[in-house]
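What follows is the content of work-v3.txt (compact mmCIF, N, CA and C atoms).
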```
# COMPACT_ATOMS: atom_id res chain seq x y z
N MET A 1 103.64 -220.20 30.81
CA MET A 1 104.28 -221.05 29.81
C MET A 1 104.88 -222.28 30.50
N ARG A 2 104.76 -223.41 29.86
CA ARG A 2 105.25 -224.67 30.41
C ARG A 2 106.77 -224.73 30.31
N PRO A 3 107.47 -224.98 31.44
CA PRO A 3 108.94 -225.01 31.38
C PRO A 3 109.46 -226.26 30.69
N ASP A 4 110.64 -226.15 30.08
CA ASP A 4 111.29 -227.35 29.55
C ASP A 4 111.78 -228.18 30.74
N TRP A 5 112.25 -229.39 30.46
CA TRP A 5 112.64 -230.30 31.55
C TRP A 5 113.77 -229.73 32.41
N GLU A 6 114.79 -229.14 31.79
CA GLU A 6 115.91 -228.61 32.58
C GLU A 6 115.44 -227.55 33.56
N ASN A 7 114.64 -226.61 33.10
CA ASN A 7 114.15 -225.55 33.98
C ASN A 7 113.19 -226.10 35.04
N TYR A 8 112.40 -227.08 34.66
CA TYR A 8 111.49 -227.72 35.61
C TYR A 8 112.26 -228.33 36.77
N PHE A 9 113.31 -229.11 36.46
CA PHE A 9 114.07 -229.78 37.52
C PHE A 9 114.93 -228.80 38.31
N ILE A 10 115.42 -227.74 37.68
CA ILE A 10 116.16 -226.70 38.43
C ILE A 10 115.22 -226.02 39.41
N GLU A 11 113.98 -225.77 39.01
CA GLU A 11 113.01 -225.16 39.93
C GLU A 11 112.77 -226.07 41.13
N ILE A 12 112.72 -227.37 40.89
CA ILE A 12 112.55 -228.32 42.00
C ILE A 12 113.79 -228.28 42.90
N ALA A 13 114.98 -228.22 42.31
CA ALA A 13 116.20 -228.12 43.11
C ALA A 13 116.19 -226.85 43.97
N LYS A 14 115.65 -225.77 43.44
CA LYS A 14 115.53 -224.53 44.23
C LYS A 14 114.65 -224.75 45.45
N VAL A 15 113.54 -225.44 45.25
CA VAL A 15 112.63 -225.72 46.37
C VAL A 15 113.31 -226.64 47.39
N VAL A 16 114.02 -227.66 46.90
CA VAL A 16 114.74 -228.57 47.80
C VAL A 16 115.75 -227.78 48.64
N SER A 17 116.39 -226.77 48.05
CA SER A 17 117.38 -225.97 48.80
C SER A 17 116.76 -225.25 50.00
N SER A 18 115.46 -225.05 49.98
CA SER A 18 114.80 -224.35 51.09
C SER A 18 114.85 -225.16 52.39
N ARG A 19 115.16 -226.45 52.30
CA ARG A 19 115.30 -227.30 53.49
C ARG A 19 116.72 -227.27 54.06
N ALA A 20 117.67 -226.64 53.36
CA ALA A 20 119.07 -226.62 53.79
C ALA A 20 119.21 -225.98 55.17
N THR A 21 120.21 -226.44 55.91
CA THR A 21 120.40 -225.95 57.28
C THR A 21 121.71 -225.19 57.46
N CYS A 22 122.36 -224.85 56.36
CA CYS A 22 123.60 -224.07 56.41
C CYS A 22 123.25 -222.58 56.53
N MET A 23 124.02 -221.86 57.29
CA MET A 23 123.79 -220.43 57.47
C MET A 23 124.33 -219.60 56.30
N ARG A 24 125.34 -220.11 55.61
CA ARG A 24 126.00 -219.33 54.56
C ARG A 24 125.36 -219.51 53.19
N ARG A 25 125.06 -220.75 52.84
CA ARG A 25 124.51 -221.04 51.52
C ARG A 25 123.52 -222.18 51.61
N LYS A 26 122.51 -222.12 50.76
CA LYS A 26 121.50 -223.18 50.72
C LYS A 26 121.53 -223.79 49.32
N TYR A 27 121.76 -225.11 49.28
CA TYR A 27 121.82 -225.83 48.02
C TYR A 27 120.80 -226.95 48.01
N GLY A 28 120.28 -227.22 46.82
CA GLY A 28 119.41 -228.36 46.61
C GLY A 28 119.87 -229.11 45.38
N ALA A 29 119.72 -230.43 45.41
CA ALA A 29 120.10 -231.27 44.28
C ALA A 29 118.99 -232.27 44.00
N VAL A 30 118.80 -232.55 42.72
CA VAL A 30 117.78 -233.50 42.28
C VAL A 30 118.43 -234.42 41.25
N ILE A 31 118.36 -235.72 41.49
CA ILE A 31 118.87 -236.70 40.53
C ILE A 31 117.67 -237.21 39.73
N VAL A 32 117.83 -237.20 38.40
CA VAL A 32 116.72 -237.52 37.48
C VAL A 32 117.20 -238.49 36.42
N LYS A 33 116.35 -239.46 36.12
CA LYS A 33 116.62 -240.36 34.99
C LYS A 33 115.32 -240.55 34.23
N ASP A 34 115.39 -240.39 32.93
CA ASP A 34 114.21 -240.51 32.07
C ASP A 34 113.07 -239.60 32.54
N ASN A 35 113.44 -238.40 32.97
CA ASN A 35 112.49 -237.38 33.46
C ASN A 35 111.69 -237.83 34.69
N VAL A 36 112.27 -238.74 35.47
CA VAL A 36 111.67 -239.18 36.72
C VAL A 36 112.67 -238.89 37.84
N ILE A 37 112.19 -238.28 38.91
CA ILE A 37 113.06 -237.97 40.05
C ILE A 37 113.41 -239.25 40.80
N ILE A 38 114.71 -239.45 40.98
CA ILE A 38 115.22 -240.62 41.70
C ILE A 38 115.51 -240.27 43.15
N SER A 39 116.05 -239.07 43.37
CA SER A 39 116.48 -238.68 44.72
C SER A 39 116.64 -237.18 44.79
N THR A 40 116.55 -236.66 45.99
CA THR A 40 116.85 -235.25 46.24
C THR A 40 117.79 -235.15 47.44
N GLY A 41 118.44 -234.01 47.57
CA GLY A 41 119.29 -233.77 48.73
C GLY A 41 119.51 -232.29 48.91
N TYR A 42 119.74 -231.90 50.15
CA TYR A 42 120.07 -230.51 50.46
C TYR A 42 121.25 -230.52 51.43
N ASN A 43 121.94 -229.39 51.54
CA ASN A 43 123.10 -229.35 52.40
C ASN A 43 122.69 -229.12 53.86
N GLY A 44 123.36 -229.86 54.73
CA GLY A 44 123.09 -229.72 56.15
C GLY A 44 123.84 -230.76 56.95
N ALA A 45 123.75 -230.64 58.25
CA ALA A 45 124.45 -231.56 59.15
C ALA A 45 123.92 -232.98 58.98
N PRO A 46 124.77 -233.97 59.22
CA PRO A 46 124.33 -235.36 59.14
C PRO A 46 123.24 -235.64 60.19
N ARG A 47 122.49 -236.70 59.95
CA ARG A 47 121.47 -237.12 60.92
C ARG A 47 122.09 -237.24 62.30
N GLY A 48 121.39 -236.73 63.30
CA GLY A 48 121.85 -236.85 64.68
C GLY A 48 122.80 -235.75 65.14
N ILE A 49 123.22 -234.88 64.22
CA ILE A 49 124.12 -233.77 64.56
C ILE A 49 123.31 -232.48 64.49
N GLU A 50 123.51 -231.59 65.44
CA GLU A 50 122.77 -230.33 65.44
C GLU A 50 123.18 -229.48 64.23
N ASN A 51 122.19 -228.82 63.65
CA ASN A 51 122.40 -227.96 62.49
C ASN A 51 122.92 -226.59 62.90
N CYS A 52 123.69 -225.99 62.01
CA CYS A 52 124.23 -224.65 62.26
C CYS A 52 123.11 -223.63 62.50
N ILE A 53 122.03 -223.72 61.71
CA ILE A 53 120.96 -222.73 61.89
C ILE A 53 120.28 -222.89 63.24
N ASP A 54 120.25 -224.12 63.77
CA ASP A 54 119.65 -224.33 65.09
C ASP A 54 120.58 -223.85 66.20
N LEU A 55 121.88 -223.99 65.98
CA LEU A 55 122.88 -223.53 66.95
C LEU A 55 123.17 -222.04 66.80
N ASN A 56 122.77 -221.48 65.64
CA ASN A 56 123.09 -220.10 65.28
C ASN A 56 124.60 -219.86 65.35
N LYS A 57 125.34 -220.83 64.79
CA LYS A 57 126.79 -220.75 64.85
C LYS A 57 127.39 -221.45 63.63
N CYS A 58 128.30 -220.76 62.97
CA CYS A 58 129.04 -221.32 61.83
C CYS A 58 130.51 -220.98 62.02
N ILE A 59 131.31 -222.00 62.26
CA ILE A 59 132.74 -221.79 62.51
C ILE A 59 133.41 -221.13 61.30
N ARG A 60 133.08 -221.60 60.10
CA ARG A 60 133.72 -221.05 58.90
C ARG A 60 133.33 -219.59 58.71
N LYS A 61 132.09 -219.25 59.02
CA LYS A 61 131.64 -217.86 58.91
C LYS A 61 132.34 -216.99 59.96
N GLU A 62 132.42 -217.50 61.19
CA GLU A 62 133.07 -216.75 62.27
C GLU A 62 134.53 -216.46 61.95
N GLN A 63 135.19 -217.38 61.26
CA GLN A 63 136.61 -217.23 60.93
C GLN A 63 136.83 -216.63 59.54
N ASN A 64 135.75 -216.16 58.90
CA ASN A 64 135.84 -215.56 57.56
C ASN A 64 136.58 -216.45 56.55
N ILE A 65 136.29 -217.73 56.58
CA ILE A 65 136.93 -218.67 55.66
C ILE A 65 136.21 -218.59 54.32
N PRO A 66 136.95 -218.35 53.24
CA PRO A 66 136.33 -218.22 51.91
C PRO A 66 135.65 -219.51 51.46
N SER A 67 134.72 -219.36 50.56
CA SER A 67 134.03 -220.50 49.96
C SER A 67 135.05 -221.44 49.34
N GLY A 68 134.82 -222.74 49.52
CA GLY A 68 135.68 -223.75 48.92
C GLY A 68 136.92 -224.10 49.73
N GLU A 69 137.09 -223.49 50.90
CA GLU A 69 138.27 -223.76 51.72
C GLU A 69 137.87 -224.31 53.08
N ARG A 70 138.74 -225.14 53.65
CA ARG A 70 138.62 -225.65 55.02
C ARG A 70 137.29 -226.36 55.29
N TYR A 71 136.87 -227.20 54.36
CA TYR A 71 135.62 -227.95 54.53
C TYR A 71 135.63 -228.82 55.78
N GLU A 72 136.82 -229.20 56.22
CA GLU A 72 136.90 -230.08 57.39
C GLU A 72 136.34 -229.43 58.66
N LEU A 73 136.20 -228.10 58.65
CA LEU A 73 135.63 -227.40 59.81
C LEU A 73 134.11 -227.39 59.79
N CYS A 74 133.52 -227.81 58.70
CA CYS A 74 132.08 -227.74 58.51
C CYS A 74 131.43 -229.10 58.79
N GLU A 75 130.31 -229.09 59.50
CA GLU A 75 129.55 -230.31 59.79
C GLU A 75 128.72 -230.75 58.59
N ALA A 76 128.40 -229.84 57.68
CA ALA A 76 127.41 -230.11 56.63
C ALA A 76 127.87 -231.13 55.60
N VAL A 77 126.89 -231.87 55.13
CA VAL A 77 127.04 -232.75 53.98
C VAL A 77 126.46 -231.98 52.80
N HIS A 78 127.15 -231.98 51.67
CA HIS A 78 126.68 -231.22 50.50
C HIS A 78 125.40 -231.83 49.93
N ALA A 79 124.63 -231.00 49.24
CA ALA A 79 123.36 -231.43 48.65
C ALA A 79 123.57 -232.59 47.69
N GLU A 80 124.59 -232.50 46.84
CA GLU A 80 124.86 -233.56 45.88
C GLU A 80 125.18 -234.87 46.59
N GLN A 81 125.96 -234.77 47.66
CA GLN A 81 126.32 -235.97 48.43
C GLN A 81 125.07 -236.60 49.03
N ASN A 82 124.20 -235.80 49.61
CA ASN A 82 122.97 -236.35 50.20
C ASN A 82 122.08 -236.98 49.14
N ALA A 83 121.99 -236.36 47.97
CA ALA A 83 121.17 -236.94 46.90
C ALA A 83 121.74 -238.29 46.46
N VAL A 84 123.06 -238.38 46.31
CA VAL A 84 123.70 -239.63 45.90
C VAL A 84 123.54 -240.69 46.99
N ILE A 85 123.74 -240.32 48.24
CA ILE A 85 123.63 -241.26 49.35
C ILE A 85 122.24 -241.88 49.42
N ASN A 86 121.23 -241.09 49.12
CA ASN A 86 119.84 -241.55 49.26
C ASN A 86 119.25 -242.19 48.01
N ALA A 87 120.02 -242.28 46.94
CA ALA A 87 119.51 -242.83 45.67
C ALA A 87 119.88 -244.30 45.53
N PRO A 88 119.02 -245.08 44.87
CA PRO A 88 119.40 -246.47 44.57
C PRO A 88 120.52 -246.48 43.53
N PRO A 89 121.62 -247.16 43.82
CA PRO A 89 122.78 -247.12 42.91
C PRO A 89 122.47 -247.49 41.46
N GLU A 90 121.66 -248.50 41.26
CA GLU A 90 121.38 -248.95 39.90
C GLU A 90 120.58 -247.93 39.09
N ARG A 91 119.86 -247.03 39.74
CA ARG A 91 119.07 -246.02 39.04
C ARG A 91 119.90 -244.79 38.64
N MET A 92 121.07 -244.60 39.25
CA MET A 92 121.87 -243.41 38.94
C MET A 92 122.66 -243.53 37.65
N LYS A 93 122.84 -244.74 37.14
CA LYS A 93 123.63 -244.93 35.92
C LYS A 93 122.98 -244.17 34.78
N SER A 94 123.75 -243.26 34.18
CA SER A 94 123.33 -242.41 33.05
C SER A 94 122.27 -241.38 33.43
N ALA A 95 122.17 -241.04 34.70
CA ALA A 95 121.21 -240.04 35.16
C ALA A 95 121.81 -238.63 35.07
N THR A 96 120.98 -237.65 35.39
CA THR A 96 121.39 -236.24 35.44
C THR A 96 121.14 -235.72 36.84
N ILE A 97 122.06 -234.91 37.35
CA ILE A 97 121.85 -234.24 38.63
C ILE A 97 121.70 -232.75 38.37
N TYR A 98 120.68 -232.16 38.97
CA TYR A 98 120.39 -230.73 38.87
C TYR A 98 120.72 -230.09 40.21
N ILE A 99 121.44 -228.97 40.18
CA ILE A 99 121.90 -228.33 41.41
C ILE A 99 121.58 -226.84 41.37
N ALA A 100 120.97 -226.35 42.45
CA ALA A 100 120.68 -224.92 42.57
C ALA A 100 121.08 -224.47 43.97
N GLY A 101 121.61 -223.25 44.04
CA GLY A 101 122.03 -222.74 45.34
C GLY A 101 121.79 -221.26 45.49
N PHE A 102 121.74 -220.85 46.75
CA PHE A 102 121.50 -219.45 47.09
C PHE A 102 122.45 -219.00 48.19
N GLU A 103 122.95 -217.78 48.03
CA GLU A 103 123.78 -217.16 49.05
C GLU A 103 122.91 -216.75 50.24
N GLU A 104 123.55 -216.35 51.31
CA GLU A 104 122.86 -215.91 52.52
C GLU A 104 121.90 -214.75 52.24
N ASP A 105 122.27 -213.89 51.30
CA ASP A 105 121.42 -212.72 50.98
C ASP A 105 120.32 -213.04 49.97
N GLY A 106 120.21 -214.31 49.54
CA GLY A 106 119.16 -214.71 48.61
C GLY A 106 119.57 -214.70 47.15
N SER A 107 120.75 -214.16 46.83
CA SER A 107 121.21 -214.16 45.45
C SER A 107 121.66 -215.58 45.06
N PHE A 108 121.78 -215.82 43.76
CA PHE A 108 122.18 -217.14 43.29
C PHE A 108 123.62 -217.44 43.71
N ALA A 109 123.85 -218.67 44.12
CA ALA A 109 125.20 -219.17 44.38
C ALA A 109 125.60 -220.06 43.22
N ASN A 110 126.86 -220.16 42.95
CA ASN A 110 127.34 -221.02 41.87
C ASN A 110 127.12 -222.48 42.27
N GLY A 111 126.36 -223.21 41.48
CA GLY A 111 126.02 -224.60 41.79
C GLY A 111 126.98 -225.63 41.25
N LYS A 112 128.09 -225.19 40.66
CA LYS A 112 129.05 -226.16 40.12
C LYS A 112 129.58 -227.02 41.26
N PRO A 113 129.55 -228.34 41.11
CA PRO A 113 130.02 -229.21 42.20
C PRO A 113 131.49 -228.99 42.54
N CYS A 114 131.80 -229.11 43.83
CA CYS A 114 133.19 -229.07 44.27
C CYS A 114 133.87 -230.35 43.80
N LYS A 115 135.17 -230.44 43.96
CA LYS A 115 135.94 -231.60 43.49
C LYS A 115 135.47 -232.90 44.16
N LEU A 116 135.20 -232.88 45.46
CA LEU A 116 134.75 -234.08 46.14
C LEU A 116 133.39 -234.52 45.60
N CYS A 117 132.46 -233.59 45.45
CA CYS A 117 131.14 -233.93 44.91
C CYS A 117 131.25 -234.43 43.47
N GLU A 118 132.12 -233.81 42.69
CA GLU A 118 132.31 -234.26 41.31
C GLU A 118 132.78 -235.71 41.29
N ARG A 119 133.68 -236.08 42.20
CA ARG A 119 134.15 -237.46 42.26
C ARG A 119 133.02 -238.41 42.66
N MET A 120 132.19 -237.99 43.61
CA MET A 120 131.05 -238.83 44.02
C MET A 120 130.06 -238.99 42.88
N ILE A 121 129.80 -237.91 42.16
CA ILE A 121 128.89 -237.96 41.02
C ILE A 121 129.43 -238.91 39.96
N ARG A 122 130.71 -238.79 39.67
CA ARG A 122 131.36 -239.67 38.68
C ARG A 122 131.26 -241.13 39.14
N ASN A 123 131.55 -241.38 40.39
CA ASN A 123 131.55 -242.74 40.92
C ASN A 123 130.14 -243.34 40.93
N SER A 124 129.13 -242.52 41.04
CA SER A 124 127.74 -243.00 41.04
C SER A 124 127.24 -243.29 39.63
N GLN A 125 128.03 -242.94 38.63
CA GLN A 125 127.75 -243.15 37.21
C GLN A 125 126.69 -242.18 36.66
N ILE A 126 126.46 -241.08 37.37
CA ILE A 126 125.67 -239.99 36.82
C ILE A 126 126.50 -239.40 35.69
N THR A 127 125.86 -239.10 34.55
CA THR A 127 126.63 -238.66 33.38
C THR A 127 126.52 -237.17 33.08
N ASP A 128 125.48 -236.51 33.59
CA ASP A 128 125.29 -235.10 33.29
C ASP A 128 125.01 -234.30 34.55
N VAL A 129 125.55 -233.09 34.58
CA VAL A 129 125.30 -232.16 35.68
C VAL A 129 124.74 -230.88 35.07
N VAL A 130 123.61 -230.44 35.58
CA VAL A 130 123.03 -229.16 35.18
C VAL A 130 122.96 -228.33 36.46
N TYR A 131 123.61 -227.17 36.44
CA TYR A 131 123.61 -226.35 37.64
C TYR A 131 123.30 -224.90 37.32
N LEU A 132 122.80 -224.25 38.34
CA LEU A 132 122.48 -222.83 38.26
C LEU A 132 123.73 -222.04 38.60
N LYS A 133 124.15 -221.17 37.70
CA LYS A 133 125.32 -220.33 37.95
C LYS A 133 124.89 -219.10 38.76
N ASN A 134 125.87 -218.38 39.28
CA ASN A 134 125.54 -217.21 40.11
C ASN A 134 124.94 -216.06 39.32
N ASP A 135 124.93 -216.16 37.99
CA ASP A 135 124.26 -215.14 37.19
C ASP A 135 122.82 -215.53 36.85
N GLY A 136 122.37 -216.69 37.36
CA GLY A 136 121.00 -217.14 37.12
C GLY A 136 120.82 -218.01 35.89
N ASN A 137 121.89 -218.20 35.12
CA ASN A 137 121.82 -219.04 33.92
C ASN A 137 122.19 -220.47 34.26
N LEU A 138 121.77 -221.40 33.40
CA LEU A 138 122.09 -222.81 33.58
C LEU A 138 123.36 -223.16 32.83
N GLU A 139 124.12 -224.08 33.40
CA GLU A 139 125.31 -224.63 32.76
C GLU A 139 125.15 -226.15 32.78
N LYS A 140 125.51 -226.79 31.70
CA LYS A 140 125.44 -228.25 31.63
C LYS A 140 126.82 -228.79 31.33
N ILE A 141 127.25 -229.78 32.13
CA ILE A 141 128.54 -230.41 31.90
C ILE A 141 128.36 -231.92 31.84
N LYS A 142 129.17 -232.55 31.02
CA LYS A 142 129.20 -234.00 30.89
C LYS A 142 130.25 -234.53 31.84
N ILE A 143 129.91 -235.60 32.54
CA ILE A 143 130.87 -236.30 33.38
C ILE A 143 131.25 -237.55 32.60
N SER A 144 132.52 -237.67 32.28
CA SER A 144 132.92 -238.82 31.47
C SER A 144 133.75 -239.80 32.27
```
Let's see the structure in the file written out as structure tokens.
Amino acid sequence: MRPDWENYFIEIAKVVSSRATCMRRKYGAVIVKDNVIISTGYNGAPRGIENCIDLNKCIRKEQNIPSGERYELCEAVHAEQNAVINAPPERMKSATIYIAGFEEDGSFANGKPCKLCERMIRNSQITDVVYLKNDGNLEKIKIS
């Protein structure tokens, strides 16, 4: 059966997440306008910095730091941030970002953007966020 647009782009975000270099969670993001992909991004170390999976070391994991805390200890750039950084600014106005993530064990991770990513999404003038929740269902939120 042919998927609707939301499921189609979430599936692409899942594939993008396979490039992530974080040991704890893998996220992918796809920015879309008028059903055309503008940009993609996955979470991982910035260009020129060694990735956690290559070093086989995660400071936050070693210190049992819960999700959403002490981001300053992490080298990774979030998937949403990478997608926004790599997109042409004029194309993001009124676009949608799709986010999918997976835990280390392969189960779904909650794709709702963190506060910093939400601010970047808002500032880029993206108006809609569609993310995969940890129960496998999609959630759509308006950024106003």
Alpha helix (DSSP H) per DSSP on the backbone: members of segment 56-116 of chain A, as a ChimeraX atom specification
/A:59-62,79-85,89-92,115-116
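Residues surrounding segment 92-94 of chain A within 8 Å are Ile31, Val32, Lys33, Asp34, Ile38, Ala87, Ser124, Gln125, Ile126, Thr127 and Asp128 of chain A [all atoms listed in the file; sequence separation below 5 positions excluded].
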Provide the atom N of Gln63 of chain A to atom CA of Tyr27 of chain A distance in Å, to one decimal place.
20.6 Å
Using the chain letters and numbers from this document, which residues of chain A does DSSP assign to strand (DSSP E), as a PyMOL selection string?
chain A and resi 25-33+36-42+96-103+108-109+128-132+138-142
With all atoms listed in the file as the basis for distance, which of A:Ile141, A:Asn82, A:Ala100, A:Ile37 is at the shortest distance from Val16 of chain A?
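Of A:Ile141, A:Asn82, A:Ala100, A:Ile37, the one nearest Val16 of chain A, counting all atoms listed in the file, is A:Ala100.
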What's the separation between atom C of Arg91 of chain A and atom CA of Thr40 of chain A, in Å to one decimal place?
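So the two atoms, atom C of Arg91 of chain A and atom CA of Thr40 of chain A, lie 12.6 Å apart.
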Please identify all polymer residues lying at most 6 Å from the point (127.0, -232.7, 40.8) (file coordinates), using only N, CA and C atoms, and present the result as a PyMOL selection string.
chain A and resi 80+97+113+117-118+121+129
I need the chosen residues saved as an mmCIF file, in the frame of the given file, with N, CA and C atoms.
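Output saved as part.cif:
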```cif
data_model
loop_
_atom_site.group_PDB
_atom_site.id
_atom_site.type_symbol
_atom_site.label_atom_id
_atom_site.label_comp_id
_atom_site.auth_asym_id
_atom_site.auth_seq_id
_atom_site.Cartn_x
_atom_site.Cartn_y
_atom_site.Cartn_z
ATOM 1 N N GLU A 80 124.590 -232.500 46.840
ATOM 2 C CA GLU A 80 124.860 -233.560 45.880
ATOM 3 C C GLU A 80 125.180 -234.870 46.590
ATOM 4 N N ILE A 97 122.060 -234.910 37.350
ATOM 5 C CA ILE A 97 121.850 -234.240 38.630
ATOM 6 C C ILE A 97 121.700 -232.750 38.370
ATOM 7 N N PRO A 113 129.550 -228.340 41.110
ATOM 8 C CA PRO A 113 130.020 -229.210 42.200
ATOM 9 C C PRO A 113 131.490 -228.990 42.540
ATOM 10 N N CYS A 117 132.460 -233.590 45.450
ATOM 11 C CA CYS A 117 131.140 -233.930 44.910
ATOM 12 C C CYS A 117 131.250 -234.430 43.470
ATOM 13 N N GLU A 118 132.120 -233.810 42.690
ATOM 14 C CA GLU A 118 132.310 -234.260 41.310
ATOM 15 C C GLU A 118 132.780 -235.710 41.290
ATOM 16 N N ILE A 121 129.800 -237.910 42.160
ATOM 17 C CA ILE A 121 128.890 -237.960 41.020
ATOM 18 C C ILE A 121 129.430 -238.910 39.960
ATOM 19 N N VAL A 129 125.550 -233.090 34.580
ATOM 20 C CA VAL A 129 125.300 -232.160 35.680
ATOM 21 C C VAL A 129 124.740 -230.880 35.070
#
```
Would you pick out the contacts of Ile10 of chain A at 8 Å or less, using all atoms listed in the file, so that residues sharing its chain but fewer than 5 positions from it are not included, and give the list as a PyMOL selection string?
chain A and resi 4-5+15-16+30+98-100+130-132
What's the 6.5 Å shell around Cys22 of chain A, counting only N, CA and C atoms, without same-chain residues fewer than 3 positions away, as a tab-separated table (two decimals) with N, CA and C atoms, keeping the file's coordinate frame?
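Written output follows (part-v6.tsv):
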```
chain	number	residue	atom	x	y	z
A	25	ARG	N	125.06	-220.75	52.84
A	25	ARG	CA	124.51	-221.04	51.52
A	25	ARG	C	123.52	-222.18	51.61
A	26	LYS	N	122.51	-222.12	50.76
A	26	LYS	CA	121.50	-223.18	50.72
A	26	LYS	C	121.53	-223.79	49.32
A	43	ASN	N	121.94	-229.39	51.54
A	43	ASN	CA	123.10	-229.35	52.40
A	43	ASN	C	122.69	-229.12	53.86
A	44	GLY	N	123.36	-229.86	54.73
A	44	GLY	CA	123.09	-229.72	56.15
A	44	GLY	C	123.84	-230.76	56.95
A	45	ALA	N	123.75	-230.64	58.25
A	45	ALA	CA	124.45	-231.56	59.15
A	45	ALA	C	123.92	-232.98	58.98
A	52	CYS	N	123.69	-225.99	62.01
A	52	CYS	CA	124.23	-224.65	62.26
A	52	CYS	C	123.11	-223.63	62.50
A	53	ILE	N	122.03	-223.72	61.71
A	53	ILE	CA	120.96	-222.73	61.89
A	53	ILE	C	120.28	-222.89	63.24
```
Identify, on the basis of all atoms listed in the file, every residue whose closest approach to Asn134 of chain A does not exceed 8 Å; exclude the query and any residue fewer than 2 positions from it along the same chain; express the result as an mmCIF file with N, CA and C atoms, in the coordinates of the input.
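Resulting contents of selection00.cif:
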```cif
data_model
loop_
_atom_site.group_PDB
_atom_site.id
_atom_site.type_symbol
_atom_site.label_atom_id
_atom_site.label_comp_id
_atom_site.auth_asym_id
_atom_site.auth_seq_id
_atom_site.Cartn_x
_atom_site.Cartn_y
_atom_site.Cartn_z
ATOM 1 N N GLY A 101 121.610 -223.250 44.040
ATOM 2 C CA GLY A 101 122.030 -222.740 45.340
ATOM 3 C C GLY A 101 121.790 -221.260 45.490
ATOM 4 N N SER A 107 120.750 -214.160 46.830
ATOM 5 C CA SER A 107 121.210 -214.160 45.450
ATOM 6 C C SER A 107 121.660 -215.580 45.060
ATOM 7 N N PHE A 108 121.780 -215.820 43.760
ATOM 8 C CA PHE A 108 122.180 -217.140 43.290
ATOM 9 C C PHE A 108 123.620 -217.440 43.710
ATOM 10 N N ALA A 109 123.850 -218.670 44.120
ATOM 11 C CA ALA A 109 125.200 -219.170 44.380
ATOM 12 C C ALA A 109 125.600 -220.060 43.220
ATOM 13 N N ASN A 110 126.860 -220.160 42.950
ATOM 14 C CA ASN A 110 127.340 -221.020 41.870
ATOM 15 C C ASN A 110 127.120 -222.480 42.270
ATOM 16 N N GLY A 111 126.360 -223.210 41.480
ATOM 17 C CA GLY A 111 126.020 -224.600 41.790
ATOM 18 C C GLY A 111 126.980 -225.630 41.250
ATOM 19 N N LYS A 112 128.090 -225.190 40.660
ATOM 20 C CA LYS A 112 129.050 -226.160 40.120
ATOM 21 C C LYS A 112 129.580 -227.020 41.260
ATOM 22 N N TYR A 131 123.610 -227.170 36.440
ATOM 23 C CA TYR A 131 123.610 -226.350 37.640
ATOM 24 C C TYR A 131 123.300 -224.900 37.320
ATOM 25 N N LEU A 132 122.800 -224.250 38.340
ATOM 26 C CA LEU A 132 122.480 -222.830 38.260
ATOM 27 C C LEU A 132 123.730 -222.040 38.600
ATOM 28 N N GLY A 136 122.370 -216.690 37.360
ATOM 29 C CA GLY A 136 121.000 -217.140 37.120
ATOM 30 C C GLY A 136 120.820 -218.010 35.890
ATOM 31 N N ASN A 137 121.890 -218.200 35.120
ATOM 32 C CA ASN A 137 121.820 -219.040 33.920
ATOM 33 C C ASN A 137 122.190 -220.470 34.260
ATOM 34 N N LEU A 138 121.770 -221.400 33.400
ATOM 35 C CA LEU A 138 122.090 -222.810 33.580
ATOM 36 C C LEU A 138 123.360 -223.160 32.830
#
```
What is the distance, in Å and to one decimal place, between atom C of Glu90 of chain A and atom C of Lys133 of chain A?
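Separation of atom C of Glu90 of chain A and atom C of Lys133 of chain A: 29.2 Å.
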So that I can check the surroundings of Ala79 of chain A, please list as a list of chain:residue names every protein, DNA and RNA residue that reaches within 5 Å of it, counting all atoms listed in the file and ignoring chain neighbours fewer than 6 positions away.
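Contacts, in chain order: A:Ala29, A:Gly41, A:Tyr42, A:Asn43.
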Given the choices A:Met1, A:Cys74, A:Leu116, A:Ile143, which gets closest to Lys57 of chain A if the distance is worked out from only C-alpha atoms?
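Among the listed residues, the smallest separation from Lys57 of chain A belongs to A:Cys74.
Using only N, CA and C atoms, the smallest distance between any of A:Gln81, A:Glu69, A:Phe102, A:Ile59 and Lys14 of chain A comes from A:Phe102.
Here the question is which of A:Ala13, A:Met120, A:Cys114, A:Cys58 gets nearest to Glu75 of chain A using only C-alpha atoms, and that residue is A:Cys58.
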